[in-house]
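Below is target-v2.pdb, which holds PDB, C-alpha atoms (C1' of nucleotides).
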```pdb
ATOM      1  CA  MET K   1     111.779 261.004  81.143
ATOM      2  CA  ALA K   2     108.878 263.410  80.941
ATOM      3  CA  GLY K   3     105.740 263.402  83.009
ATOM      4  CA  PRO K   4     104.864 262.028  86.435
ATOM      5  CA  GLN K   5     105.622 258.451  87.406
ATOM      6  CA  TYR K   6     102.819 256.202  88.573
ATOM      7  CA  SER K   7     103.204 253.626  91.287
ATOM      8  CA  LEU K   8     100.715 251.083  89.950
ATOM      9  CA  GLY K   9     102.350 247.672  89.793
ATOM     10  CA  MET K  10     105.581 248.936  91.291
ATOM     11  CA  SER K  11     106.527 249.510  94.894
ATOM     12  CA  VAL K  12     103.107 250.125  96.399
ATOM     13  CA  THR K  13     101.916 247.318  98.646
ATOM     14  CA  SER K  14      98.804 246.436 100.578
ATOM     15  CA  LYS K  15     100.328 248.194 103.560
ATOM     16  CA  THR K  16     100.196 251.511 101.740
ATOM     17  CA  PHE K  17      96.473 251.139 101.117
ATOM     18  CA  LEU K  18      95.798 250.006 104.678
ATOM     19  CA  ASP K  19      97.854 252.871 106.073
ATOM     20  CA  MET K  20      95.871 255.258 103.906
ATOM     21  CA  TYR K  21      92.692 253.848 105.411
ATOM     22  CA  GLN K  22      93.978 254.288 108.954
ATOM     23  CA  ALA K  23      94.927 257.894 108.203
ATOM     24  CA  MET K  24      91.473 258.654 106.799
ATOM     25  CA  LEU K  25      89.709 256.810 109.614
ATOM     26  CA  ALA K  26      91.720 258.717 112.218
ATOM     27  CA  ARG K  27      90.667 261.995 110.624
ATOM     28  CA  PHE K  28      87.023 261.390 109.782
ATOM     29  CA  GLY K  29      85.903 258.492 111.984
ATOM     30  CA  HIS K  30      83.865 255.519 110.778
ATOM     31  CA  GLN K  31      81.400 256.787 108.188
ATOM     32  CA  GLY K  32      78.627 254.247 108.709
ATOM     33  CA  TRP K  33      77.719 254.001 105.054
ATOM     34  CA  TRP K  34      75.314 253.625 103.317
ATOM     35  CA  PRO K  35      73.202 256.408 104.832
ATOM     36  CA  GLY K  36      69.560 255.391 104.684
ATOM     37  CA  ASP K  37      67.182 252.670 105.646
ATOM     38  CA  GLY K  38      67.000 249.253 104.032
ATOM     39  CA  ALA K  39      68.082 247.616 100.806
ATOM     40  CA  LEU K  40      65.476 249.225  98.573
ATOM     41  CA  GLU K  41      66.204 252.720  99.839
ATOM     42  CA  ILE K  42      69.915 252.135  99.240
ATOM     43  CA  CYS K  43      69.264 251.043  95.660
ATOM     44  CA  VAL K  44      66.968 253.990  95.019
ATOM     45  CA  GLY K  45      69.537 256.336  96.512
ATOM     46  CA  ALA K  46      72.284 254.828  94.350
ATOM     47  CA  ILE K  47      70.367 255.808  91.222
ATOM     48  CA  LEU K  48      69.285 259.204  92.510
ATOM     49  CA  THR K  49      72.795 260.239  93.582
ATOM     50  CA  GLN K  50      74.271 259.862  90.102
ATOM     51  CA  ASN K  51      76.254 263.066  89.556
ATOM     52  CA  THR K  52      74.209 264.686  92.301
ATOM     53  CA  ASN K  53      74.774 266.061  95.788
ATOM     54  CA  TRP K  54      73.488 263.743  98.507
ATOM     55  CA  THR K  55      71.475 266.460 100.259
ATOM     56  CA  ASN K  56      69.340 266.784  97.143
ATOM     57  CA  VAL K  57      68.884 263.011  97.063
ATOM     58  CA  GLN K  58      67.670 263.028 100.646
ATOM     59  CA  ARG K  59      64.876 265.415  99.708
ATOM     60  CA  ALA K  60      63.803 263.155  96.868
ATOM     61  CA  ILE K  61      63.848 260.071  99.096
ATOM     62  CA  ALA K  62      61.824 261.932 101.729
ATOM     63  CA  ASN K  63      59.247 262.742  99.051
ATOM     64  CA  LEU K  64      58.984 259.090  98.036
ATOM     65  CA  LYS K  65      58.527 258.030 101.637
ATOM     66  CA  GLY K  66      56.047 260.817 102.221
ATOM     67  CA  ALA K  67      54.026 259.520  99.285
ATOM     68  CA  ALA K  68      54.248 256.038 100.837
ATOM     69  CA  ILE K  69      55.658 254.445  97.698
ATOM     70  CA  MET K  70      59.047 253.233  98.985
ATOM     71  CA  SER K  71      58.356 249.612  98.083
ATOM     72  CA  VAL K  72      58.965 247.632  94.924
ATOM     73  CA  ASN K  73      55.267 247.129  94.310
ATOM     74  CA  ALA K  74      54.326 250.750  94.941
ATOM     75  CA  LEU K  75      57.138 252.124  92.805
ATOM     76  CA  HIS K  76      56.260 249.632  90.092
ATOM     77  CA  ALA K  77      52.687 250.901  90.133
ATOM     78  CA  ALA K  78      53.638 254.572  90.183
ATOM     79  CA  GLY K  79      53.507 256.464  86.913
ATOM     80  CA  ARG K  80      56.687 257.880  85.441
ATOM     81  CA  GLU K  81      55.399 261.448  85.621
ATOM     82  CA  LYS K  82      54.366 261.176  89.253
ATOM     83  CA  LEU K  83      57.731 259.644  90.085
ATOM     84  CA  ALA K  84      59.543 262.414  88.241
ATOM     85  CA  GLU K  85      57.684 265.079  90.183
ATOM     86  CA  LEU K  86      58.534 263.446  93.533
ATOM     87  CA  ILE K  87      62.238 263.078  92.783
ATOM     88  CA  ARG K  88      62.556 266.518  91.228
ATOM     89  CA  PRO K  89      64.941 267.880  93.908
ATOM     90  CA  ALA K  90      67.536 265.253  92.919
ATOM     91  CA  GLY K  91      67.927 266.737  89.453
ATOM     92  CA  TYR K  92      67.804 264.922  86.073
ATOM     93  CA  TYR K  93      64.374 263.909  87.286
ATOM     94  CA  ASN K  94      62.995 262.712  83.963
ATOM     95  CA  VAL K  95      66.042 260.563  83.283
ATOM     96  CA  LYS K  96      66.147 259.222  86.817
ATOM     97  CA  ALA K  97      62.437 258.416  86.929
ATOM     98  CA  ALA K  98      62.928 256.236  83.868
ATOM     99  CA  ARG K  99      66.032 254.623  85.378
ATOM    100  CA  LEU K 100      64.245 253.907  88.644
ATOM    101  CA  LEU K 101      61.409 252.263  86.773
ATOM    102  CA  HIS K 102      63.825 250.167  84.708
ATOM    103  CA  PHE K 103      65.435 248.913  87.895
ATOM    104  CA  ILE K 104      62.150 248.333  89.687
ATOM    105  CA  ALA K 105      60.721 246.487  86.691
ATOM    106  CA  ALA K 106      63.687 244.112  86.700
ATOM    107  CA  VAL K 107      63.298 243.408  90.406
ATOM    108  CA  HIS K 108      59.536 243.033  90.137
ATOM    109  CA  GLU K 109      59.715 240.712  87.174
ATOM    110  CA  ARG K 110      62.203 238.410  88.840
ATOM    111  CA  ASN K 111      61.277 238.536  92.518
ATOM    112  CA  GLY K 112      58.083 240.507  92.898
ATOM    113  CA  ASP K 113      58.135 242.751  95.952
ATOM    114  CA  ASP K 114      61.147 240.966  97.443
ATOM    115  CA  ILE K 115      64.259 243.103  96.934
ATOM    116  CA  GLU K 116      66.252 240.905  99.300
ATOM    117  CA  ALA K 117      65.627 237.889  97.095
ATOM    118  CA  PHE K 118      66.718 239.869  94.053
ATOM    119  CA  LEU K 119      69.961 240.819  95.780
ATOM    120  CA  SER K 120      70.635 237.321  97.118
ATOM    121  CA  ARG K 121      72.019 235.848  93.913
ATOM    122  CA  PRO K 122      75.763 235.212  93.538
ATOM    123  CA  ILE K 123      77.759 238.373  93.109
ATOM    124  CA  ASP K 124      78.813 237.831  89.495
ATOM    125  CA  ALA K 125      75.298 237.015  88.319
ATOM    126  CA  LEU K 126      73.905 239.967  90.265
ATOM    127  CA  ARG K 127      76.441 242.398  88.808
ATOM    128  CA  GLU K 128      75.782 241.168  85.293
ATOM    129  CA  GLU K 129      72.035 241.534  85.768
ATOM    130  CA  LEU K 130      72.343 245.028  87.225
ATOM    131  CA  LEU K 131      74.630 246.185  84.410
ATOM    132  CA  SER K 132      72.090 244.971  81.861
ATOM    133  CA  ILE K 133      69.526 247.438  83.224
ATOM    134  CA  SER K 134      69.449 250.745  81.371
ATOM    135  CA  GLY K 135      70.568 253.513  83.699
ATOM    136  CA  ILE K 136      72.698 251.317  85.950
ATOM    137  CA  GLY K 137      76.398 251.590  85.210
ATOM    138  CA  ARG K 138      79.387 250.200  87.076
ATOM    139  CA  GLU K 139      79.394 252.563  90.025
ATOM    140  CA  THR K 140      75.666 252.302  90.625
ATOM    141  CA  ALA K 141      75.748 248.507  90.306
ATOM    142  CA  ASP K 142      78.708 248.180  92.659
ATOM    143  CA  SER K 143      77.105 250.530  95.188
ATOM    144  CA  MET K 144      74.002 248.346  95.234
ATOM    145  CA  ILE K 145      76.072 245.154  95.512
ATOM    146  CA  LEU K 146      78.322 246.417  98.295
ATOM    147  CA  TYR K 147      75.893 248.414 100.402
ATOM    148  CA  ALA K 148      72.477 246.871  99.687
ATOM    149  CA  ALA K 149      73.468 243.240  99.064
ATOM    150  CA  GLY K 150      76.444 243.289 101.429
ATOM    151  CA  LYS K 151      78.682 241.479  98.968
ATOM    152  CA  PRO K 152      82.346 242.330  98.350
ATOM    153  CA  THR K 153      82.871 244.614  95.357
ATOM    154  CA  PHE K 154      84.854 247.842  95.479
ATOM    155  CA  VAL K 155      83.019 250.991  94.413
ATOM    156  CA  VAL K 156      84.997 253.362  92.194
ATOM    157  CA  ASP K 157      83.738 256.901  91.741
ATOM    158  CA  THR K 158      85.073 260.268  90.605
ATOM    159  CA  TYR K 159      86.590 260.902  94.036
ATOM    160  CA  THR K 160      88.386 257.553  93.985
ATOM    161  CA  TYR K 161      89.798 258.322  90.556
ATOM    162  CA  ARG K 162      90.873 261.848  91.423
ATOM    163  CA  ILE K 163      92.497 260.907  94.729
ATOM    164  CA  LEU K 164      94.376 257.887  93.371
ATOM    165  CA  LEU K 165      95.485 259.872  90.340
ATOM    166  CA  ARG K 166      96.801 262.773  92.360
ATOM    167  CA  HIS K 167      98.736 260.386  94.558
ATOM    168  CA  ARG K 168     100.172 258.702  91.465
ATOM    169  CA  LEU K 169      98.637 255.344  92.310
ATOM    170  CA  ILE K 170      96.912 255.130  88.934
ATOM    171  CA  ALA K 171      97.502 256.573  85.494
ATOM    172  CA  PRO K 172      95.058 258.984  83.847
ATOM    173  CA  GLU K 173      93.977 256.418  81.274
ATOM    174  CA  ASP K 174      93.187 253.666  83.803
ATOM    175  CA  ASP K 175      89.575 252.576  83.499
ATOM    176  CA  TYR K 176      86.971 251.618  86.084
ATOM    177  CA  GLU K 177      87.694 247.899  86.160
ATOM    178  CA  THR K 178      91.445 248.465  86.457
ATOM    179  CA  ILE K 179      91.020 250.748  89.457
ATOM    180  CA  LYS K 180      88.501 248.396  91.065
ATOM    181  CA  GLU K 181      90.945 245.499  90.645
ATOM    182  CA  LEU K 182      93.790 247.578  92.092
ATOM    183  CA  MET K 183      91.812 248.241  95.265
ATOM    184  CA  GLU K 184      90.411 244.749  95.635
ATOM    185  CA  SER K 185      93.807 243.110  95.134
ATOM    186  CA  HIS K 186      95.498 245.301  97.733
ATOM    187  CA  LEU K 187      92.893 245.015 100.480
ATOM    188  CA  PRO K 188      91.814 242.033 102.583
ATOM    189  CA  LEU K 189      88.477 240.571 101.497
ATOM    190  CA  ASP K 190      86.392 242.394 104.068
ATOM    191  CA  VAL K 191      83.002 243.839 103.159
ATOM    192  CA  GLU K 192      82.902 246.198 106.113
ATOM    193  CA  LEU K 193      86.367 247.521 105.279
ATOM    194  CA  TRP K 194      85.433 248.055 101.631
ATOM    195  CA  LYS K 195      82.243 249.844 102.615
ATOM    196  CA  ASP K 196      84.050 252.281 104.854
ATOM    197  CA  TYR K 197      87.081 252.653 102.581
ATOM    198  CA  HIS K 198      84.924 254.011  99.793
ATOM    199  CA  ALA K 199      83.084 256.252 102.227
ATOM    200  CA  GLN K 200      86.395 257.588 103.551
ATOM    201  CA  LEU K 201      87.557 258.396 100.023
ATOM    202  CA  VAL K 202      84.364 260.353  99.496
ATOM    203  CA  ALA K 203      85.067 262.259 102.709
ATOM    204  CA  VAL K 204      88.571 263.097 101.499
ATOM    205  CA  GLY K 205      87.119 264.135  98.151
ATOM    206  CA  LYS K 206      84.555 266.407  99.699
ATOM    207  CA  HIS K 207      86.865 268.071 102.193
ATOM    208  CA  PHE K 208      90.238 268.168 100.464
ATOM    209  CA  CYS K 209      90.730 266.584  97.080
ATOM    210  CA  ARG K 210      88.517 268.938  95.136
ATOM    211  CA  PRO K 211      88.701 269.750  91.424
ATOM    212  CA  ALA K 212      91.154 272.458  90.466
ATOM    213  CA  ALA K 213      92.291 272.897  94.018
ATOM    214  CA  ARG K 214      95.217 271.879  96.124
ATOM    215  CA  CYS K 215      94.492 270.222  99.396
ATOM    216  CA  PRO K 216      96.576 271.366 102.384
ATOM    217  CA  GLY K 217      95.994 269.354 105.533
ATOM    218  CA  CYS K 218      94.692 266.292 103.716
ATOM    219  CA  PRO K 219      95.136 263.087 105.758
ATOM    220  CA  LEU K 220      96.514 261.379 102.654
ATOM    221  CA  GLU K 221      99.527 263.656 102.257
ATOM    222  CA  GLY K 222     102.569 261.557 101.360
ATOM    223  CA  PHE K 223     100.635 258.347 100.478
ATOM    224  CA  PRO K 224     102.890 257.516  98.777
ATOM    225  CA  HIS K 225     103.539 260.768  96.927
ATOM    226  CA  ASP K 226     102.656 264.302  97.825
ATOM    227  CA  PRO K 227     100.275 265.643  95.220
ATOM    228  CA  THR K 228     102.233 268.855  95.073
ATOM    229  CA  SER K 229     103.594 268.686  91.555
ATOM    230  CA  GLY K 230     102.287 268.003  88.109
ATOM    231  CA  ASP K 231      99.266 269.276  86.305
ATOM    232  CA  TRP K 232      95.937 270.015  87.897
TER     233      TRP K 232
ATOM    234  C1'  DG G   1      77.559 283.950  88.424
ATOM    235  C1'  DA G   2      80.600 280.160  87.923
ATOM    236  C1'  DC G   3      81.532 275.923  89.707
ATOM    237  C1'  DC G   4      80.426 271.608  91.714
ATOM    238  C1'  DA G   5      77.812 267.354  93.061
ATOM    239  C1'  DG G   6      78.985 259.707  95.345
ATOM    240  C1'  DG G   7      76.908 258.872  86.300
ATOM    241  C1'  DC G   8      74.966 257.140  82.403
ATOM    242  C1'  DA G   9      73.363 256.494  77.654
ATOM    243  C1'  DC G  10      73.648 257.860  73.230
ATOM    244  C1'  DA G  11      75.440 260.288  68.954
ATOM    245  C1'  DT G  12      79.170 261.123  66.210
ATOM    246  C1'  DC G  13      83.602 260.699  64.316
TER     247       DC G  13
ATOM    248  C1'  DG V   1      87.329 252.731  70.434
ATOM    249  C1'  DA V   2      87.649 257.567  71.818
ATOM    250  C1'  DT V   3      85.399 261.814  72.539
ATOM    251  C1'  DG V   4      81.403 265.017  73.149
ATOM    252  C1'  DT V   5      76.784 266.063  74.805
ATOM    253  C1'  DG V   6      72.237 266.124  77.298
ATOM    254  C1'  DC V   7      70.170 265.573  81.509
ATOM    255  C1'  DA V   8      68.673 269.602  86.109
ATOM    256  C1'  DT V   9      68.304 270.763  90.961
ATOM    257  C1'  DG V  10      70.443 273.139  94.800
ATOM    258  C1'  DG V  11      74.694 274.566  97.703
ATOM    259  C1'  DT V  12      78.959 277.272  97.960
TER     260       DT V  12
END
```
Can you give me the file's structure in the form of structure tokens?
Amino acid sequence: MAGPQYSLGMSVTSKTFLDMYQAMLARFGHQGWWPGDGALEICVGAILTQNTNWTNVQRAIANLKGAAIMSVNALHAAGREKLAELIRPAGYYNVKAARLLHFIAAVHERNGDDIEAFLSRPIDALREELLSISGIGRETADSMILYAAGKPTFVVDTYTYRILLRHRLIAPEDDYETIKELMESHLPLDVELWKDYHAQLVAVGKHFCRPAARCPGCPLEGFPHDPTSGDW
DNA sequence: GACCAGGCACATC
DNA sequence: GATGTGCATGGT
């Protein structure tokens, strides 16, 4: 039989995923995600961090706060060009200015200045609404739901995919919803755990599980397979 | 100077 | 349905 074997649906149990968490937690400590202040700032950050380093996002958020427009009403009133200039350090600033305004318009239309009210709807309805907004895909929607709304949905990102793939817990062709379901079905329904689990995976991704690189010393070595063979 | 960073929409086949 | 491409700054 050619090619690596994947553990999905086979011998891997909830214990494996919980042990992985304990190993990451022991190495990195509780991550305290989401970094930032308040539901709106989390949602804004979720859009700005798309394919972008967080340090650049922080500069953009600081600019928005410095311009005193970190509110639904103020962002709604801001012009696209002004917004683009303020978020420039986050990259893709024209695209992201439009995406921010799409999101803000949806919130404003439904709940005015009240982001908490917008986020208070049942999780399925909220996710559907978020995904209908141009510029908000699955990861961005789930980040908003988990970290801004505080509702249980597992966030899958490129780090999650890469780490699970290298440890043979998923197959290369597995899509977002499959991976999300894998995590959710193997973990207790615990929002705080899901928040920190995703954050821990990002920490592993940043420090060890990098593209085109092996990862000696990674806390996830041997969970359940050493990522020491196969293609990179 | 190449590579990477907490994606997404859209065009094309 | 699968694959390719544009978007852009800033750190390593």
inquiry  = Only residues of chain K matter here; which ones have an atom within 7 Å of chain G, counting only C-alpha atoms (C1' of nucleotides)? Give them as a PyMOL selection string.
reply    = chain K and resi 49-53+135+137+157+202
Ground truth for the PyMOL selection byres ((chain K and resi 47) around 9), written as a ChimeraX atom specification = /K:42-46,48-50,96,99-100,135-136,140 /G:7
key: Counting all atoms listed in the file, chain K residues within 6 Å of chain V, as a PyMOL selection string   = chain K and resi 89-92
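Shell of Val191 in chain K at 9 Å, with all atoms listed in the file counted and residues fewer than 6 places along the chain excluded, is Leu146, Tyr147, Gly150, Lys151, Pro152, Thr153 and Phe154 of chain K.
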Put those residues in a file: C-alpha atoms, as a PDB file, in the frame of the given file.
```pdb
ATOM      1  CA  LEU K 146      78.322 246.417  98.295  1.00  0.00           C
ATOM      2  CA  TYR K 147      75.893 248.414 100.402  1.00  0.00           C
ATOM      3  CA  GLY K 150      76.444 243.289 101.429  1.00  0.00           C
ATOM      4  CA  LYS K 151      78.682 241.479  98.968  1.00  0.00           C
ATOM      5  CA  PRO K 152      82.346 242.330  98.350  1.00  0.00           C
ATOM      6  CA  THR K 153      82.871 244.614  95.357  1.00  0.00           C
ATOM      7  CA  PHE K 154      84.854 247.842  95.479  1.00  0.00           C
TER       8      PHE K 154
END
```
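The space separating CA of Asp19 in chain K from CA of Ile123 in chain K comes to 28.0 Å.
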ask   = Can you list, as a PyMOL selection string, the residues that the PyMOL selection byres ((chain K and resi 104) around 10) selects here?
value = chain K and resi 40+43-44+71-77+98-103+105-110+112-113+115+133
request  = Within 7 Å of range 21-31 of chain K, counting all atoms listed in the file, which residues show up once you throw out same-chain ones fewer than 5 positions away? Write them as a PyMOL selection string, please.
outcome  = chain K and resi 196-197+199-200+219-220
task = One decimal, Å: what's the distance from CA of Glu81 in chain K over to CA of Arg59 in chain K, could you say?
result =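 Pair CA of Glu81 in chain K / CA of Arg59 in chain K returns 17.4 Å.
Note that the spacing between CA of Val155 in chain K and CA of Val95 in chain K amounts to 22.4 Å.
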request  = Taking the file above as input, evaluate the PyMOL selection byres ((chain K and resi 86) around 9) and report the hits as a list in words.
outcome  =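 This file gives the following for the PyMOL selection byres ((chain K and resi 86) around 9): Ala60, Ile61, Ala62, Asn63, Leu64, Ala67, Glu81, Lys82, Leu83, Ala84, Glu85, Ile87, Arg88, Pro89 and Tyr93 of chain K.
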Contacts of range 11-17 of chain K within 12 Å, all atoms listed in the file, excl. fewer than 4 positions in-chain, as a ChimeraX atom specification = /K:5-7,21-24,164,167-170,182-189,193-194,197-198,201,220,222-225
Listed atoms of range 5-24 of chain K boxed along x, y and z, 8 Å each side, centre and edge lengths in Å, one decimal, as JSON:
```
{"center_x": 99.0, "center_y": 252.5, "center_z": 98.2, "size_x": 31.1, "size_y": 28.2, "size_z": 37.5}
```
